[in-house]
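A.B. asks: entry_17.txt (compact mmCIF, C-alpha atoms) pasted underneath:
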# COMPACT_ATOMS: atom_id res chain seq x y z
CA MET A 1 99.90 111.13 100.67
CA THR A 2 96.13 110.76 100.98
CA VAL A 3 94.18 107.99 102.62
CA MET A 4 93.52 106.59 99.19
CA GLN A 5 97.23 106.14 98.42
CA SER A 6 99.62 103.51 99.69
CA THR A 7 103.33 103.12 99.39
CA PRO A 8 105.51 100.10 99.96
CA ALA A 9 107.50 100.05 103.19
CA THR A 10 110.84 101.80 103.06
CA THR A 11 114.07 100.03 103.89
CA GLU A 12 114.06 101.73 107.31
CA GLU A 13 110.47 100.64 107.99
CA ARG A 14 111.29 97.05 107.06
CA ALA A 15 114.37 97.14 109.29
CA ALA A 16 112.47 98.57 112.28
CA PRO A 17 111.51 96.11 114.99
CA ALA A 18 108.15 94.47 114.38
CA ALA A 19 106.80 95.88 117.64
CA ALA A 20 107.42 99.39 116.34
CA ARG A 21 105.62 98.71 113.03
CA VAL A 22 102.72 96.51 114.04
CA GLY A 23 100.26 96.57 116.88
CA GLY A 24 100.76 100.15 117.90
CA CYS A 25 103.66 99.36 120.24
CA GLY A 26 105.75 102.11 118.67
CA ALA A 27 102.88 104.59 118.40
CA PRO A 28 101.96 107.11 121.07
CA PRO A 29 99.48 105.72 123.58
CA ARG A 30 95.84 106.11 122.65
CA ARG A 31 93.88 108.68 124.62
CA HIS A 32 91.26 106.96 126.68
CA PRO A 33 88.06 108.44 128.06
CA ARG A 34 89.52 108.27 131.57
CA PRO A 35 93.21 109.12 131.27
CA ASP A 36 93.43 109.60 135.05
CA GLY A 37 94.08 105.89 135.49
CA GLN A 38 90.56 104.65 136.09
CA ASP A 39 90.28 101.59 133.89
CA ARG A 40 86.75 100.25 134.32
CA TYR A 41 83.76 101.07 132.15
CA THR A 42 80.20 99.83 132.13
CA ILE A 43 78.63 98.49 128.97
CA SER A 44 76.59 101.68 128.60
CA GLU A 45 79.74 103.82 128.86
CA VAL A 46 81.50 101.68 126.25
CA ALA A 47 78.45 101.92 124.01
CA ALA A 48 78.57 105.72 124.32
CA PHE A 49 82.35 105.86 123.66
CA THR A 50 82.29 103.52 120.66
CA GLY A 51 78.90 104.13 119.08
CA LEU A 52 78.20 100.39 119.31
CA SER A 53 75.01 99.23 120.96
CA ALA A 54 75.05 97.20 124.17
CA HIS A 55 73.45 94.42 122.12
CA THR A 56 76.38 94.45 119.67
CA LEU A 57 78.91 94.43 122.52
CA ARG A 58 77.20 91.39 124.08
CA TRP A 59 77.07 89.69 120.67
CA TYR A 60 80.80 90.31 120.13
CA GLU A 61 81.44 88.63 123.46
CA ARG A 62 79.10 85.72 122.69
CA ILE A 63 80.69 84.91 119.30
CA GLY A 64 84.23 85.12 120.68
CA LEU A 65 85.21 88.40 119.06
CA MET A 66 85.80 90.07 122.41
CA PRO A 67 88.24 88.67 124.95
CA HIS A 68 86.91 87.69 128.35
CA ILE A 69 85.25 90.74 129.88
CA ASP A 70 85.71 91.13 133.61
CA ARG A 71 82.66 91.33 135.81
CA SER A 72 81.96 93.21 139.00
CA HIS A 73 80.91 91.38 142.16
CA THR A 74 77.31 91.90 141.02
CA GLY A 75 77.97 90.40 137.59
CA GLN A 76 78.02 93.70 135.69
CA ARG A 77 80.47 93.81 132.78
CA ARG A 78 83.54 95.96 133.41
CA TYR A 79 85.47 96.90 130.28
CA SER A 80 89.10 98.05 130.45
CA ASN A 81 91.16 100.43 128.33
CA ARG A 82 92.62 97.33 126.70
CA ASP A 83 89.09 96.26 125.74
CA LEU A 84 88.51 99.71 124.24
CA ASP A 85 91.71 99.34 122.21
CA TRP A 86 90.51 95.95 120.97
CA LEU A 87 87.13 97.41 120.00
CA ASP A 88 88.95 100.15 118.09
CA LEU A 89 90.82 97.47 116.11
CA VAL A 90 87.60 95.52 115.52
CA GLY A 91 86.02 98.71 114.18
CA LYS A 92 88.92 99.17 111.77
CA LEU A 93 88.64 95.54 110.64
CA ARG A 94 84.91 96.03 110.05
CA LEU A 95 85.69 99.05 107.86
CA THR A 96 87.97 96.87 105.74
CA GLY A 97 85.04 94.62 104.94
CA MET A 98 86.67 91.67 106.74
CA PRO A 99 84.05 88.96 107.30
CA VAL A 100 83.00 88.44 110.92
CA ALA A 101 84.24 84.84 110.74
CA ASP A 102 87.72 86.11 109.86
CA MET A 103 87.60 88.65 112.68
CA VAL A 104 86.65 85.89 115.11
CA ARG A 105 89.46 83.73 113.75
CA TYR A 106 91.90 86.61 114.25
CA ALA A 107 90.69 87.01 117.85
CA GLU A 108 91.22 83.28 118.43
CA LEU A 109 94.74 83.52 117.02
CA VAL A 110 95.56 86.46 119.27
CA ARG A 111 94.41 84.47 122.31
CA GLU A 112 96.56 81.51 121.22
CA GLY A 113 99.70 83.63 121.47
CA GLU A 114 102.91 84.34 119.59
CA SER A 115 103.00 81.00 117.79
CA THR A 116 100.20 82.31 115.54
CA TYR A 117 102.02 85.40 114.24
CA GLY A 118 102.43 83.87 110.79
CA GLU A 119 98.75 83.06 110.40
CA ARG A 120 97.76 86.49 111.73
CA TYR A 121 100.15 88.10 109.25
CA GLU A 122 98.61 86.20 106.34
CA LEU A 123 95.06 87.06 107.43
CA LEU A 124 95.85 90.76 107.73
CA ALA A 125 97.93 90.82 104.52
CA ALA A 126 95.02 89.29 102.59
CA THR A 127 92.69 91.87 104.09
CA ARG A 128 95.10 94.63 103.10
CA ARG A 129 95.17 93.37 99.51
CA ASN A 130 91.35 93.43 99.46
CA VAL A 131 91.32 96.99 100.83
CA LEU A 132 93.80 98.14 98.17
CA ALA A 133 91.63 96.57 95.46
CA ARG A 134 88.57 98.38 96.85
CA ILE A 135 90.50 101.66 96.99
CA THR A 136 91.43 101.24 93.32
CA GLU A 137 87.78 100.63 92.44
CA LEU A 138 86.73 103.71 94.42
CA GLN A 139 89.41 105.84 92.74
CA ASP A 140 88.15 104.70 89.33
CA THR A 141 84.59 105.50 90.39
CA LEU A 142 85.66 108.91 91.68
CA ALA A 143 87.35 109.67 88.35
CA VAL A 144 84.12 108.87 86.49
CA LEU A 145 82.12 111.08 88.86
CA ASP A 146 84.62 113.93 88.44
CA GLN A 147 84.38 113.58 84.66
CA LYS A 148 80.58 113.71 84.75
CA ILE A 149 80.52 116.62 87.19
CA GLY A 150 83.00 118.49 84.99
CA PHE A 151 80.81 117.86 81.95
CA TYR A 152 77.73 119.26 83.66
CA ALA A 153 79.66 122.20 85.12
CA ASP A 154 80.94 123.09 81.63
CA ALA A 155 77.37 122.79 80.30
CA GLY A 156 76.30 125.61 82.61
CA CYS A 157 74.46 123.57 85.22
CA PRO A 158 74.23 125.21 88.65
CA ARG A 159 76.90 124.24 91.13
CA GLU A 160 76.40 123.58 94.80
CA ALA A 161 77.37 126.52 96.99
CA GLY A 162 81.10 126.43 97.65
CA ASN A 163 81.81 123.48 95.34
CA THR A 164 83.51 123.86 92.02
CA ARG A 165 83.50 120.18 91.08
Let's see the structure in the file written out as structure tokens.

C.D. replies:
Amino acid sequence: MTVMQSTPATTEERAAPAAARVGGCGAPPRRHPRPDGQDRYTISEVAAFTGLSAHTLRWYERIGLMPHIDRSHTGQRRYSNRDLDWLDLVGKLRLTGMPVADMVRYAELVREGESTYGERYELLAATRRNVLARITELQDTLAVLDQKIGFYADAGCPREAGNTR
């Protein structure tokens, strides 16, 4: 299966505990920059790890997208591995095209606790449907490009080195 394909959950997947399916609880632990147990990062370290700017990280905090970030005794932000995991999820949500307002709403729901599982499910399910629709559009677009490239290849146009289509 490619990234562009999706299959419905199998009977076994539906029967598995929710913690094993959702939220990464059943997945192997993520490798962190400091696997030796040190769990505090400065904003500049997090910016380097994530590719986000310090400005973006501060903005995420200001709009409520980031949970409370601990501070050192001097007031310097100290991010944890859990914060890095959250930023990884936020990055994935951004890639889906989820609006920032929906991401902030999701963060609020997470902070409110287990009673919001249903609303979180609906928000993520709607996002998933949108992603699948975009994937279908991209597959259709790719098919058109392949057709055009094939036409020009058959017409004797030069090909890029190493590419046949």

A.B. asks: Would you kindly return, as an MDAnalysis selection string, each protein, DNA or RNA residue with an atom no farther than 12 Å from any atom of Ala48 of chain A, considering all atoms listed in the file and excluding same-chain residues fewer than 5 positions away?

C.D. replies: chainID A and resid 33 41:43 53:54 57 84

A.B. asks: Hey, can you check how far atom CA of Thr96 of chain A sits from atom CA of Thr127 of chain A?

C.D. replies: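 Separation between atom CA of Thr96 of chain A and atom CA of Thr127 of chain A: 7.1 Å.
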
A.B. asks: With all atoms listed in the file as the atoms that count, which of A:Ala107, A:Thr74, A:Met98, A:Glu45 lies nearest to Tyr60 of chain A?

C.D. replies: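 Once distances to Tyr60 of chain A are computed over all atoms listed in the file, the minimum belongs to A:Ala107.
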
A.B. asks: Using all atoms listed in the file, which residue out of A:Leu89, A:Ala47, A:Leu52, A:Met103 lies closest to Leu65 of chain A?

C.D. replies: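 Of A:Leu89, A:Ala47, A:Leu52, A:Met103, the one nearest Leu65 of chain A is A:Met103, counting all atoms listed in the file.
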
A.B. asks: Arg77 of chain A: which residues within 10 Å, counting all atoms listed in the file, same-chain residues fewer than 5 positions away excluded, as a PDB file with C-alpha atoms, in the frame of the given file?

C.D. replies:
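The result, written out as out.pdb:
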ATOM      1  CA  ARG A  40      86.750 100.250 134.320  1.00  0.00           C
ATOM      2  CA  TYR A  41      83.760 101.070 132.150  1.00  0.00           C
ATOM      3  CA  THR A  42      80.200  99.830 132.130  1.00  0.00           C
ATOM      4  CA  ILE A  43      78.630  98.490 128.970  1.00  0.00           C
ATOM      5  CA  SER A  44      76.590 101.680 128.600  1.00  0.00           C
ATOM      6  CA  ARG A  58      77.200  91.390 124.080  1.00  0.00           C
ATOM      7  CA  HIS A  68      86.910  87.690 128.350  1.00  0.00           C
ATOM      8  CA  ILE A  69      85.250  90.740 129.880  1.00  0.00           C
ATOM      9  CA  ASP A  70      85.710  91.130 133.610  1.00  0.00           C
ATOM     10  CA  ARG A  71      82.660  91.330 135.810  1.00  0.00           C
ATOM     11  CA  SER A  72      81.960  93.210 139.000  1.00  0.00           C
TER      12      SER A  72
END
